[in-house]
>>> print(open('model-v8.cif').read())   # mmCIF, C-alpha atoms
data_upload
loop_
_atom_site.group_PDB
_atom_site.id
_atom_site.type_symbol
_atom_site.label_atom_id
_atom_site.label_comp_id
_atom_site.auth_asym_id
_atom_site.auth_seq_id
_atom_site.Cartn_x
_atom_site.Cartn_y
_atom_site.Cartn_z
ATOM 1 C CA MET A 1 -32.537 169.059 76.282
ATOM 2 C CA ALA A 2 -33.149 165.339 76.754
ATOM 3 C CA GLY A 3 -32.742 163.814 80.186
ATOM 4 C CA ALA A 4 -29.728 161.741 79.129
ATOM 5 C CA GLN A 5 -27.915 164.847 77.863
ATOM 6 C CA LEU A 6 -28.625 166.720 81.089
ATOM 7 C CA LEU A 7 -27.294 163.782 83.090
ATOM 8 C CA ALA A 8 -24.127 163.690 80.991
ATOM 9 C CA MET A 9 -23.538 167.423 81.485
ATOM 10 C CA SER A 10 -24.150 167.074 85.225
ATOM 11 C CA ALA A 11 -21.715 164.162 85.459
ATOM 12 C CA LEU A 12 -19.055 166.209 83.640
ATOM 13 C CA LEU A 13 -19.323 169.035 86.164
ATOM 14 C CA VAL A 14 -18.754 166.696 89.105
ATOM 15 C CA SER A 15 -15.109 166.337 88.049
ATOM 16 C CA LEU A 16 -14.498 170.017 87.237
ATOM 17 C CA ASP A 17 -12.929 172.540 89.585
ATOM 18 C CA PRO A 18 -14.963 175.778 89.474
ATOM 19 C CA PHE A 19 -11.723 177.768 89.773
ATOM 20 C CA THR A 20 -10.409 176.324 86.516
ATOM 21 C CA ILE A 21 -13.828 176.845 84.938
ATOM 22 C CA ALA A 22 -14.127 180.463 85.905
ATOM 23 C CA THR A 23 -10.740 182.005 86.454
ATOM 24 C CA SER A 24 -7.063 181.425 87.091
ATOM 25 C CA GLN A 25 -7.421 183.225 90.419
ATOM 26 C CA ALA A 26 -9.292 181.971 93.453
ATOM 27 C CA PRO A 27 -10.420 183.425 96.761
ATOM 28 C CA PRO A 28 -8.290 182.352 99.731
ATOM 29 C CA GLY A 29 -9.294 179.006 101.193
ATOM 30 C CA GLN A 30 -11.082 176.032 99.684
ATOM 31 C CA VAL A 31 -14.490 176.378 98.066
ATOM 32 C CA ILE A 32 -16.962 173.663 99.083
ATOM 33 C CA ILE A 33 -18.786 172.137 96.116
ATOM 34 C CA SER A 34 -22.122 170.497 96.895
ATOM 35 C CA SER A 35 -22.896 167.162 95.257
ATOM 36 C CA ARG A 36 -25.926 166.394 93.130
ATOM 37 C CA GLU A 37 -27.214 164.257 95.993
ATOM 38 C CA GLN A 38 -26.917 167.138 98.470
ATOM 39 C CA ILE A 39 -28.853 169.416 96.125
ATOM 40 C CA ALA A 40 -31.531 166.740 95.679
ATOM 41 C CA GLU A 41 -31.861 166.408 99.465
ATOM 42 C CA GLU A 42 -33.241 169.961 99.641
ATOM 43 C CA PHE A 43 -36.307 168.954 97.617
ATOM 44 C CA LYS A 44 -37.570 166.248 99.958
ATOM 45 C CA ASN A 45 -39.587 168.814 101.927
ATOM 46 C CA VAL A 46 -40.400 171.773 99.685
ATOM 47 C CA PRO A 47 -42.598 174.327 101.502
ATOM 48 C CA CYS A 48 -45.760 174.495 99.401
ATOM 49 C CA LYS A 49 -47.488 177.358 101.233
ATOM 50 C CA ASN A 50 -46.364 180.982 101.119
ATOM 51 C CA GLU A 51 -46.616 181.335 104.886
ATOM 52 C CA GLU A 52 -44.053 178.529 105.239
ATOM 53 C CA ARG A 53 -41.499 179.836 102.772
ATOM 54 C CA GLN A 54 -39.648 182.511 104.749
ATOM 55 C CA ARG A 55 -39.124 180.223 107.721
ATOM 56 C CA ALA A 56 -37.883 177.491 105.382
ATOM 57 C CA VAL A 57 -35.411 179.906 103.756
ATOM 58 C CA LYS A 58 -33.932 180.757 107.157
ATOM 59 C CA ALA A 59 -33.656 177.075 108.080
ATOM 60 C CA LEU A 60 -31.958 176.305 104.765
ATOM 61 C CA PHE A 61 -29.284 178.989 105.225
ATOM 62 C CA GLU A 62 -28.687 177.755 108.768
ATOM 63 C CA ARG A 63 -28.065 174.275 107.363
ATOM 64 C CA MET A 64 -25.616 175.879 104.947
ATOM 65 C CA GLY A 65 -23.642 177.244 107.909
ATOM 66 C CA ALA A 66 -25.109 180.683 108.583
ATOM 67 C CA ASN A 67 -25.639 181.684 112.200
ATOM 68 C CA SER A 68 -29.180 182.758 112.999
ATOM 69 C CA SER A 69 -27.843 186.232 113.866
ATOM 70 C CA GLU A 70 -26.428 186.540 110.323
ATOM 71 C CA ILE A 71 -29.806 185.920 108.710
ATOM 72 C CA VAL A 72 -31.547 189.286 108.581
ATOM 73 C CA VAL A 73 -35.129 189.959 107.539
ATOM 74 C CA GLU A 74 -35.090 193.409 105.957
ATOM 75 C CA LYS A 75 -38.501 195.036 105.992
ATOM 76 C CA LEU A 76 -38.940 197.599 103.233
ATOM 77 C CA LYS A 77 -42.237 199.161 102.200
ATOM 78 C CA GLY A 78 -44.546 196.253 102.919
ATOM 79 C CA VAL A 79 -42.181 193.469 101.913
ATOM 80 C CA GLU A 80 -39.720 191.219 103.729
ATOM 81 C CA ASN A 81 -36.447 190.142 102.112
ATOM 82 C CA VAL A 82 -34.201 187.575 103.775
ATOM 83 C CA VAL A 83 -30.571 188.749 103.531
ATOM 84 C CA VAL A 84 -27.380 186.847 104.409
ATOM 85 C CA ARG A 85 -23.971 188.429 103.855
ATOM 86 C CA ARG A 86 -20.642 186.692 103.335
ATOM 87 C CA LYS A 87 -18.048 189.324 104.240
ATOM 88 C CA GLY A 88 -15.323 189.767 101.651
ATOM 89 C CA ALA A 89 -11.905 191.392 101.618
ATOM 90 C CA SER A 90 -13.476 194.609 100.288
ATOM 91 C CA GLU A 91 -16.740 196.526 100.526
ATOM 92 C CA GLU A 92 -17.414 195.942 96.829
ATOM 93 C CA LYS A 93 -20.549 193.845 96.477
ATOM 94 C CA ILE A 94 -22.121 191.105 94.402
ATOM 95 C CA VAL A 95 -25.829 190.498 94.986
ATOM 96 C CA ILE A 96 -26.927 186.882 94.480
ATOM 97 C CA GLY A 97 -30.706 186.677 94.553
ATOM 98 C CA ALA A 98 -33.770 184.479 94.087
ATOM 99 C CA HIS A 99 -37.373 185.056 95.092
ATOM 100 C CA TYR A 100 -38.898 182.827 97.754
ATOM 101 C CA ASP A 101 -42.593 183.557 97.277
ATOM 102 C CA LYS A 102 -44.910 181.575 94.984
ATOM 103 C CA VAL A 103 -48.298 181.899 93.335
ATOM 104 C CA GLU A 104 -51.236 180.305 95.138
ATOM 105 C CA ILE A 105 -51.527 177.296 92.854
ATOM 106 C CA GLY A 106 -48.865 174.580 92.775
ATOM 107 C CA CYS A 107 -45.972 173.942 95.135
ATOM 108 C CA GLY A 108 -43.498 176.443 93.674
ATOM 109 C CA ALA A 109 -40.788 173.790 93.448
ATOM 110 C CA ILE A 110 -39.534 175.031 90.080
ATOM 111 C CA ASP A 111 -40.601 178.652 90.564
ATOM 112 C CA ASN A 112 -38.661 179.312 92.645
ATOM 113 C CA TRP A 113 -37.465 176.904 95.320
ATOM 114 C CA THR A 114 -34.845 175.827 92.784
ATOM 115 C CA GLY A 115 -33.381 179.339 92.824
ATOM 116 C CA ILE A 116 -33.396 179.489 96.623
ATOM 117 C CA VAL A 117 -31.588 176.139 96.894
ATOM 118 C CA ALA A 118 -29.004 177.209 94.305
ATOM 119 C CA ILE A 119 -28.062 180.472 96.025
ATOM 120 C CA ALA A 120 -28.021 178.852 99.480
ATOM 121 C CA HIS A 121 -25.525 176.249 98.273
ATOM 122 C CA VAL A 122 -23.414 178.990 96.683
ATOM 123 C CA TYR A 123 -23.368 180.595 100.153
ATOM 124 C CA LYS A 124 -22.197 177.279 101.617
ATOM 125 C CA ALA A 125 -19.405 177.121 99.012
ATOM 126 C CA PHE A 126 -17.645 180.063 100.671
ATOM 127 C CA ALA A 127 -17.760 178.684 104.221
ATOM 128 C CA ASN A 128 -13.970 178.198 104.234
ATOM 129 C CA ALA A 129 -13.062 180.840 101.662
ATOM 130 C CA THR A 130 -12.910 184.613 101.907
ATOM 131 C CA PRO A 131 -14.203 186.225 98.703
ATOM 132 C CA ASN A 132 -12.590 189.365 97.333
ATOM 133 C CA LYS A 133 -15.945 191.124 97.306
ATOM 134 C CA THR A 134 -18.728 190.976 99.872
ATOM 135 C CA LEU A 135 -21.419 188.547 98.716
ATOM 136 C CA VAL A 136 -24.979 189.615 99.505
ATOM 137 C CA PHE A 137 -27.407 186.694 99.299
ATOM 138 C CA VAL A 138 -31.038 187.791 99.081
ATOM 139 C CA ALA A 139 -34.266 185.792 99.095
ATOM 140 C CA PHE A 140 -36.717 188.335 97.716
ATOM 141 C CA GLY A 141 -40.304 188.553 98.889
ATOM 142 C CA ARG A 142 -43.359 189.292 96.731
ATOM 143 C CA GLU A 143 -41.753 188.828 93.327
ATOM 144 C CA GLU A 144 -45.019 187.384 92.090
ATOM 145 C CA ASP A 145 -46.794 190.616 93.097
ATOM 146 C CA GLY A 146 -44.610 192.656 90.756
ATOM 147 C CA LEU A 147 -40.963 192.478 91.890
ATOM 148 C CA VAL A 148 -41.859 194.207 95.151
ATOM 149 C CA GLY A 149 -38.933 192.923 97.224
ATOM 150 C CA SER A 150 -36.212 193.535 94.666
ATOM 151 C CA GLU A 151 -37.596 196.945 93.711
ATOM 152 C CA ALA A 152 -37.567 198.011 97.356
ATOM 153 C CA MET A 153 -33.980 196.841 97.841
ATOM 154 C CA ALA A 154 -32.661 198.327 94.598
ATOM 155 C CA ARG A 155 -34.308 201.696 95.194
ATOM 156 C CA ALA A 156 -32.864 201.835 98.723
ATOM 157 C CA ILE A 157 -29.305 201.857 97.309
ATOM 158 C CA THR A 158 -28.040 205.416 97.436
ATOM 159 C CA LYS A 159 -26.230 207.088 94.559
ATOM 160 C CA ASP A 160 -22.990 207.125 96.558
ATOM 161 C CA ASP A 161 -23.272 203.439 97.479
ATOM 162 C CA LYS A 162 -24.225 202.263 93.980
ATOM 163 C CA LYS A 163 -20.626 202.331 92.743
ATOM 164 C CA GLN A 164 -19.805 199.511 95.191
ATOM 165 C CA TYR A 165 -22.350 197.194 93.531
ATOM 166 C CA CYS A 166 -20.316 195.286 90.944
ATOM 167 C CA ALA A 167 -23.026 192.906 89.740
ATOM 168 C CA MET A 168 -26.333 191.235 90.518
ATOM 169 C CA VAL A 169 -26.885 187.550 89.679
ATOM 170 C CA ASN A 170 -30.522 186.418 89.779
ATOM 171 C CA VAL A 171 -31.695 182.794 89.709
ATOM 172 C CA ASP A 172 -35.327 182.154 88.796
ATOM 173 C CA SER A 173 -36.715 178.742 87.880
ATOM 174 C CA LEU A 174 -34.198 175.990 87.231
ATOM 175 C CA GLY A 175 -35.204 172.372 86.862
ATOM 176 C CA MET A 176 -36.208 171.773 83.246
ATOM 177 C CA GLY A 177 -33.209 172.373 80.952
ATOM 178 C CA TYR A 178 -29.683 173.768 80.812
ATOM 179 C CA PRO A 179 -28.802 177.244 82.172
ATOM 180 C CA GLN A 180 -29.828 180.212 80.021
ATOM 181 C CA VAL A 181 -29.982 183.972 80.472
ATOM 182 C CA THR A 182 -32.909 186.238 79.644
ATOM 183 C CA ASP A 183 -31.624 189.106 77.545
ATOM 184 C CA GLU A 184 -34.213 191.673 78.606
ATOM 185 C CA ASN A 185 -33.319 191.167 82.277
ATOM 186 C CA SER A 186 -29.549 190.841 81.806
ATOM 187 C CA SER A 187 -27.159 193.665 80.945
ATOM 188 C CA TYR A 188 -25.303 193.204 77.645
ATOM 189 C CA LYS A 189 -21.800 192.603 79.034
ATOM 190 C CA MET A 190 -23.101 190.155 81.631
ATOM 191 C CA GLY A 191 -24.997 188.251 78.947
ATOM 192 C CA GLN A 192 -21.842 187.957 76.872
ATOM 193 C CA PHE A 193 -19.889 186.913 79.961
ATOM 194 C CA ALA A 194 -22.431 184.137 80.604
ATOM 195 C CA GLU A 195 -22.009 182.855 77.051
ATOM 196 C CA THR A 196 -18.213 182.778 77.401
ATOM 197 C CA LEU A 197 -18.490 181.038 80.766
ATOM 198 C CA ALA A 198 -20.703 178.304 79.268
ATOM 199 C CA GLU A 199 -18.084 177.735 76.566
ATOM 200 C CA LYS A 200 -15.392 177.298 79.234
ATOM 201 C CA MET A 201 -17.624 174.882 81.122
ATOM 202 C CA LYS A 202 -18.458 173.014 77.904
ATOM 203 C CA VAL A 203 -22.181 173.141 78.611
ATOM 204 C CA PRO A 204 -24.961 174.139 76.195
ATOM 205 C CA PHE A 205 -26.086 177.756 76.377
ATOM 206 C CA SER A 206 -28.581 180.062 74.743
ATOM 207 C CA HIS A 207 -29.950 183.549 75.124
ATOM 208 C CA SER A 208 -33.691 183.615 75.739
ATOM 209 C CA SER A 209 -36.491 186.126 76.024
ATOM 210 C CA PHE A 210 -39.623 186.293 78.142
ATOM 211 C CA VAL A 211 -41.145 189.505 76.872
ATOM 212 C CA GLY A 212 -43.388 191.073 79.503
ATOM 213 C CA ALA A 213 -42.125 188.751 82.248
ATOM 214 C CA ASP A 214 -39.567 190.754 84.195
ATOM 215 C CA SER A 215 -37.536 189.120 86.956
ATOM 216 C CA ASP A 216 -35.910 190.513 90.084
ATOM 217 C CA ALA A 217 -32.797 191.236 88.026
ATOM 218 C CA HIS A 218 -34.769 193.943 86.218
ATOM 219 C CA SER A 219 -35.001 195.985 89.433
ATOM 220 C CA PHE A 220 -31.206 196.245 89.598
ATOM 221 C CA LYS A 221 -30.712 196.645 85.858
ATOM 222 C CA SER A 222 -32.968 199.703 85.976
ATOM 223 C CA ARG A 223 -30.476 201.205 88.489
ATOM 224 C CA ASP A 224 -27.607 200.592 86.017
ATOM 225 C CA ILE A 225 -26.166 197.746 88.080
ATOM 226 C CA PRO A 226 -24.815 194.937 85.820
ATOM 227 C CA THR A 227 -27.198 191.979 85.944
ATOM 228 C CA MET A 228 -27.334 188.336 84.907
ATOM 229 C CA ASP A 229 -30.729 186.617 84.984
ATOM 230 C CA ILE A 230 -30.388 182.810 84.953
ATOM 231 C CA HIS A 231 -33.097 180.204 84.445
ATOM 232 C CA GLY A 232 -33.247 176.554 83.444
ATOM 233 C CA LEU A 233 -36.540 176.349 81.561
ATOM 234 C CA THR A 234 -37.529 174.857 78.215
ATOM 235 C CA SER A 235 -40.143 175.817 75.633
ATOM 236 C CA ARG A 236 -42.690 173.845 77.675
ATOM 237 C CA TRP A 237 -42.407 176.123 80.712
ATOM 238 C CA ARG A 238 -45.979 177.434 80.363
ATOM 239 C CA SER A 239 -47.275 173.933 81.121
ATOM 240 C CA TYR A 240 -45.544 173.932 84.507
ATOM 241 C CA LEU A 241 -45.019 177.386 85.991
ATOM 242 C CA HIS A 242 -47.934 178.981 87.852
ATOM 243 C CA SER A 243 -49.865 175.717 87.712
ATOM 244 C CA SER A 244 -50.471 172.567 89.749
ATOM 245 C CA ALA A 245 -47.678 170.951 87.690
ATOM 246 C CA ASP A 246 -45.088 173.069 89.493
ATOM 247 C CA ASN A 247 -44.093 170.334 91.914
ATOM 248 C CA VAL A 248 -41.083 168.207 92.797
ATOM 249 C CA ALA A 249 -42.226 165.291 90.626
ATOM 250 C CA ASN A 250 -41.728 167.418 87.520
ATOM 251 C CA LEU A 251 -38.213 168.588 88.397
ATOM 252 C CA ARG A 252 -35.128 167.365 86.588
ATOM 253 C CA MET A 253 -32.513 167.345 89.305
ATOM 254 C CA GLU A 254 -29.690 167.407 86.756
ATOM 255 C CA SER A 255 -30.994 170.779 85.554
ATOM 256 C CA VAL A 256 -30.991 172.167 89.092
ATOM 257 C CA TYR A 257 -27.447 170.909 89.646
ATOM 258 C CA LEU A 258 -26.230 172.379 86.364
ATOM 259 C CA GLY A 259 -27.775 175.697 87.312
ATOM 260 C CA TYR A 260 -26.141 175.688 90.738
ATOM 261 C CA ARG A 261 -22.685 174.922 89.287
ATOM 262 C CA PHE A 262 -23.132 177.601 86.620
ATOM 263 C CA VAL A 263 -24.072 180.208 89.228
ATOM 264 C CA LEU A 264 -21.146 179.205 91.459
ATOM 265 C CA ALA A 265 -18.672 179.504 88.575
ATOM 266 C CA ALA A 266 -20.180 182.875 87.612
ATOM 267 C CA VAL A 267 -19.890 184.242 91.140
ATOM 268 C CA ILE A 268 -16.270 183.109 91.463
ATOM 269 C CA SER A 269 -15.380 184.715 88.143
ATOM 270 C CA ILE A 270 -17.141 188.007 88.949
ATOM 271 C CA ASP A 271 -15.536 188.018 92.390
ATOM 272 C CA THR A 272 -12.035 187.889 90.916
ATOM 273 C CA ALA A 273 -12.716 190.482 88.201
ATOM 274 C CA ARG A 274 -12.471 194.257 88.489
ATOM 275 C CA CYS A 275 -15.676 195.759 89.846
ATOM 276 C CA ASP A 276 -16.159 197.827 86.702
ATOM 277 C CA SER A 277 -15.566 194.905 84.327
ATOM 278 C CA PHE A 278 -19.222 194.539 83.368
ATOM 279 C CA LYS A 279 -20.321 198.184 83.438
#
>>> encode(input="model-v8.cif", output="structure tokens")
Amino acid sequence: MAGAQLLAMSALLVSLDPFTIATSQAPPGQVIISSREQIAEEFKNVPCKNEERQRAVKALFERMGANSSEIVVEKLKGVENVVVRRKGASEEKIVIGAHYDKVEIGCGAIDNWTGIVAIAHVYKAFANATPNKTLVFVAFGREEDGLVGSEAMARAITKDDKKQYCAMVNVDSLGMGYPQVTDENSSYKMGQFAETLAEKMKVPFSHSSFVGADSDAHSFKSRDIPTMDIHGLTSRWRSYLHSSADNVANLRMESVYLGYRFVLAAVISIDTARCDSFK
């Protein structure tokens, strides 16, 4: 999508209420919607070394309103996931995830600081609102080593607890084009839901496929938890990801903002739906 089209779509979303986009029902309180400028602010100091990323994730969630005591580093089988929970009216859960690690080359601005920023600002959105379901925000470690963090978390969910997991929304690599879902990493009903949501939002949408390139959503899909895997890439993604071109200079901020608003609308809609709606 051309830059002018992305900018037009981003400008349209500024005036839209995510409640009217997603659902006729809303969680109690007022959702806080971040501006494009606030999203852009998060990319002034992207941590370009893996050893800096976890600390930067914690600092970001603190800026979004989380107390340091609420930010938990869960250590599971040689991996560290950063987990922040927004308590809901019920014990039903929505997992909202993005991986924080990167490959050695490049800065990892697209893959996947964009995802981390998006989910952190979704967390901020519920600062004054109590969701119906408990929202579990997870920054996964070691995705680039083979989905290690998400696999460890998904496998730790017991059979009895699994019924409380209504959905998992994964955000991996915004910043180039409009929001899309990968079909192999998204469950069928969630993929169809994403298409309907894009129609309501009046933004372009397409299903995509990255055969052989599983995301953290795959770890939850394999446990029969409904998943939606969101990215904002274009056909030129191979020229940027896992290369020195993965830096802030090559980001389209309108794409990141569109992705954030799409994820926020999706979470609100899932939160107000029955837990078994997408199973």
>>> resolve_selection(input="model-v8.cif", expression="the PyMOL selection byres ((chain A and resi 36) around 8)", output="CSV table (one decimal) with C-alpha atoms, in the frame of the given file")
chain,number,residue,atom,x,y,z
A,34,SER,CA,-22.1,170.5,96.9
A,35,SER,CA,-22.9,167.2,95.3
A,37,GLU,CA,-27.2,164.3,96.0
A,38,GLN,CA,-26.9,167.1,98.5
A,39,ILE,CA,-28.9,169.4,96.1
A,40,ALA,CA,-31.5,166.7,95.7
A,253,MET,CA,-32.5,167.3,89.3
A,254,GLU,CA,-29.7,167.4,86.8
A,257,TYR,CA,-27.4,170.9,89.6
>>> residues_near_point(input="model-v8.cif", point="(-50.7, 178.9, 90.2)", cutoff="6 Å", atoms="only C-alpha atoms", output="list in words")
Val103, Glu104, Ile105, Gly106, His242 and Ser243 of chain A
>>> atom_distance(input="model-v8.cif", atom1="CA of Arg155 (chain A)", atom2="CA of Arg223 (chain A)")
7.7 Å
>>> closest_residue(input="model-v8.cif", among="A:Ala154, A:Val203, A:Ala194, A:Leu60", to="Ala118 (chain A)", atoms="only C-alpha atoms")
A:Leu60
>>> closest_atom_pairs(input="model-v8.cif", of="region 19-95 of chain A", to="region 166-169 of chain A", cutoff="7 Å", atoms="all atoms listed in the file", output="tab-separated table")
residue	atom	partner	partner_atom	distance
A:Glu92	CA	A:Cys166	CA	6.6
A:Lys93	CA	A:Cys166	CA	5.7
A:Ile94	CA	A:Ala167	CA	5.1
A:Val95	CA	A:Met168	CA	4.6
>>> closest_residue(input="model-v8.cif", among="A:Gly232, A:Gly175, A:Pro226, A:Gly78", to="Met190 (chain A)", atoms="only C-alpha atoms")
A:Pro226
>>> residues_around(input="model-v8.cif", residues="Met153 (chain A)", least_positions_apart="3", cutoff="10 Å", atoms="all atoms listed in the file", output="MDAnalysis selection string")
chainID A and resid 74:77 79:81 138 140 148:150 156:157 219:220
>>> closest_residue(input="model-v8.cif", among="A:Ala213, A:Gly146, A:Leu264, A:Asp172", to="Asp229 (chain A)", atoms="all atoms listed in the file")
A:Asp172
>>> closest_atom_pairs(input="model-v8.cif", of="region 106-176 of chain A", to="region 265-269 of chain A", cutoff="12 Å", atoms="all atoms listed in the file", output="CSV")
residue,atom,partner,partner_atom,distance
A:Ala118,CA,A:Val267,CA,11.9
A:Ile119,CA,A:Val267,CA,10.2
A:Val122,CA,A:Val267,CA,8.4
A:Tyr123,CA,A:Val267,CA,10.3
A:Ala125,CA,A:Ile268,CA,10.1
A:Phe126,CA,A:Ile268,CA,9.8
A:Ala129,CA,A:Ile268,CA,10.9
A:Thr130,CA,A:Ile268,CA,11.1
A:Pro131,CA,A:Ile268,CA,8.1
A:Asn132,CA,A:Ile268,CA,9.3
A:Lys133,CA,A:Ile268,CA,9.9
A:Thr134,CA,A:Val267,CA,11.1
A:Leu135,CA,A:Val267,CA,8.8
A:Val136,CA,A:Val267,CA,11.2
A:Phe137,CA,A:Val267,CA,11.4
A:Cys166,CA,A:Val267,CA,11.1
A:Ala167,CA,A:Val267,CA,9.3
A:Met168,CA,A:Val267,CA,9.5
A:Val169,CA,A:Val267,CA,7.9
A:Asn170,CA,A:Val267,CA,10.9
A:Val171,CA,A:Ala266,CA,11.7
>>> residues_around(input="model-v8.cif", residues="Trp113 (chain A)", least_positions_apart="4", cutoff="10 Å", atoms="only C-alpha atoms", output="mmCIF file with C-alpha atoms, in the frame of the given file")
data_model
loop_
_atom_site.group_PDB
_atom_site.id
_atom_site.type_symbol
_atom_site.label_atom_id
_atom_site.label_comp_id
_atom_site.auth_asym_id
_atom_site.auth_seq_id
_atom_site.Cartn_x
_atom_site.Cartn_y
_atom_site.Cartn_z
ATOM 1 C CA GLU A 42 -33.241 169.961 99.641
ATOM 2 C CA PHE A 43 -36.307 168.954 97.617
ATOM 3 C CA VAL A 46 -40.400 171.773 99.685
ATOM 4 C CA PRO A 47 -42.598 174.327 101.502
ATOM 5 C CA CYS A 48 -45.760 174.495 99.401
ATOM 6 C CA ARG A 53 -41.499 179.836 102.772
ATOM 7 C CA VAL A 57 -35.411 179.906 103.756
ATOM 8 C CA ALA A 98 -33.770 184.479 94.087
ATOM 9 C CA HIS A 99 -37.373 185.056 95.092
ATOM 10 C CA TYR A 100 -38.898 182.827 97.754
ATOM 11 C CA ASP A 101 -42.593 183.557 97.277
ATOM 12 C CA LYS A 102 -44.910 181.575 94.984
ATOM 13 C CA CYS A 107 -45.972 173.942 95.135
ATOM 14 C CA GLY A 108 -43.498 176.443 93.674
ATOM 15 C CA ALA A 109 -40.788 173.790 93.448
ATOM 16 C CA VAL A 117 -31.588 176.139 96.894
ATOM 17 C CA ALA A 118 -29.004 177.209 94.305
ATOM 18 C CA VAL A 171 -31.695 182.794 89.709
ATOM 19 C CA ASP A 172 -35.327 182.154 88.796
ATOM 20 C CA SER A 173 -36.715 178.742 87.880
ATOM 21 C CA LEU A 174 -34.198 175.990 87.231
ATOM 22 C CA GLY A 175 -35.204 172.372 86.862
ATOM 23 C CA ASN A 247 -44.093 170.334 91.914
ATOM 24 C CA VAL A 248 -41.083 168.207 92.797
#
>>> closest_residue(input="model-v8.cif", among="A:Ser69, A:Asn50, A:Thr196, A:Thr182", to="Glu144 (chain A)", atoms="all atoms listed in the file")
A:Asn50
>>> axis_aligned_box(input="model-v8.cif", around="region 65-84 of chain A", padding_each_side="8 Å", output="AutoDock Vina command-line options")
--center_x -34.1 --center_y 188.2 --center_z 107.9 --size_x 36.9 --size_y 37.9 --size_z 28.0
>>> resolve_selection(input="model-v8.cif", expression="the PyMOL selection byres ((chain A and resi 61) around 9)", output="PyMOL selection string")
chain A and resi 56-60+62-68+71+84+120-121+123-124
>>> closest_residue(input="model-v8.cif", among="A:Met228, A:Gln54, A:Phe262, A:Leu251", to="Lys200 (chain A)", atoms="all atoms listed in the file")
A:Phe262
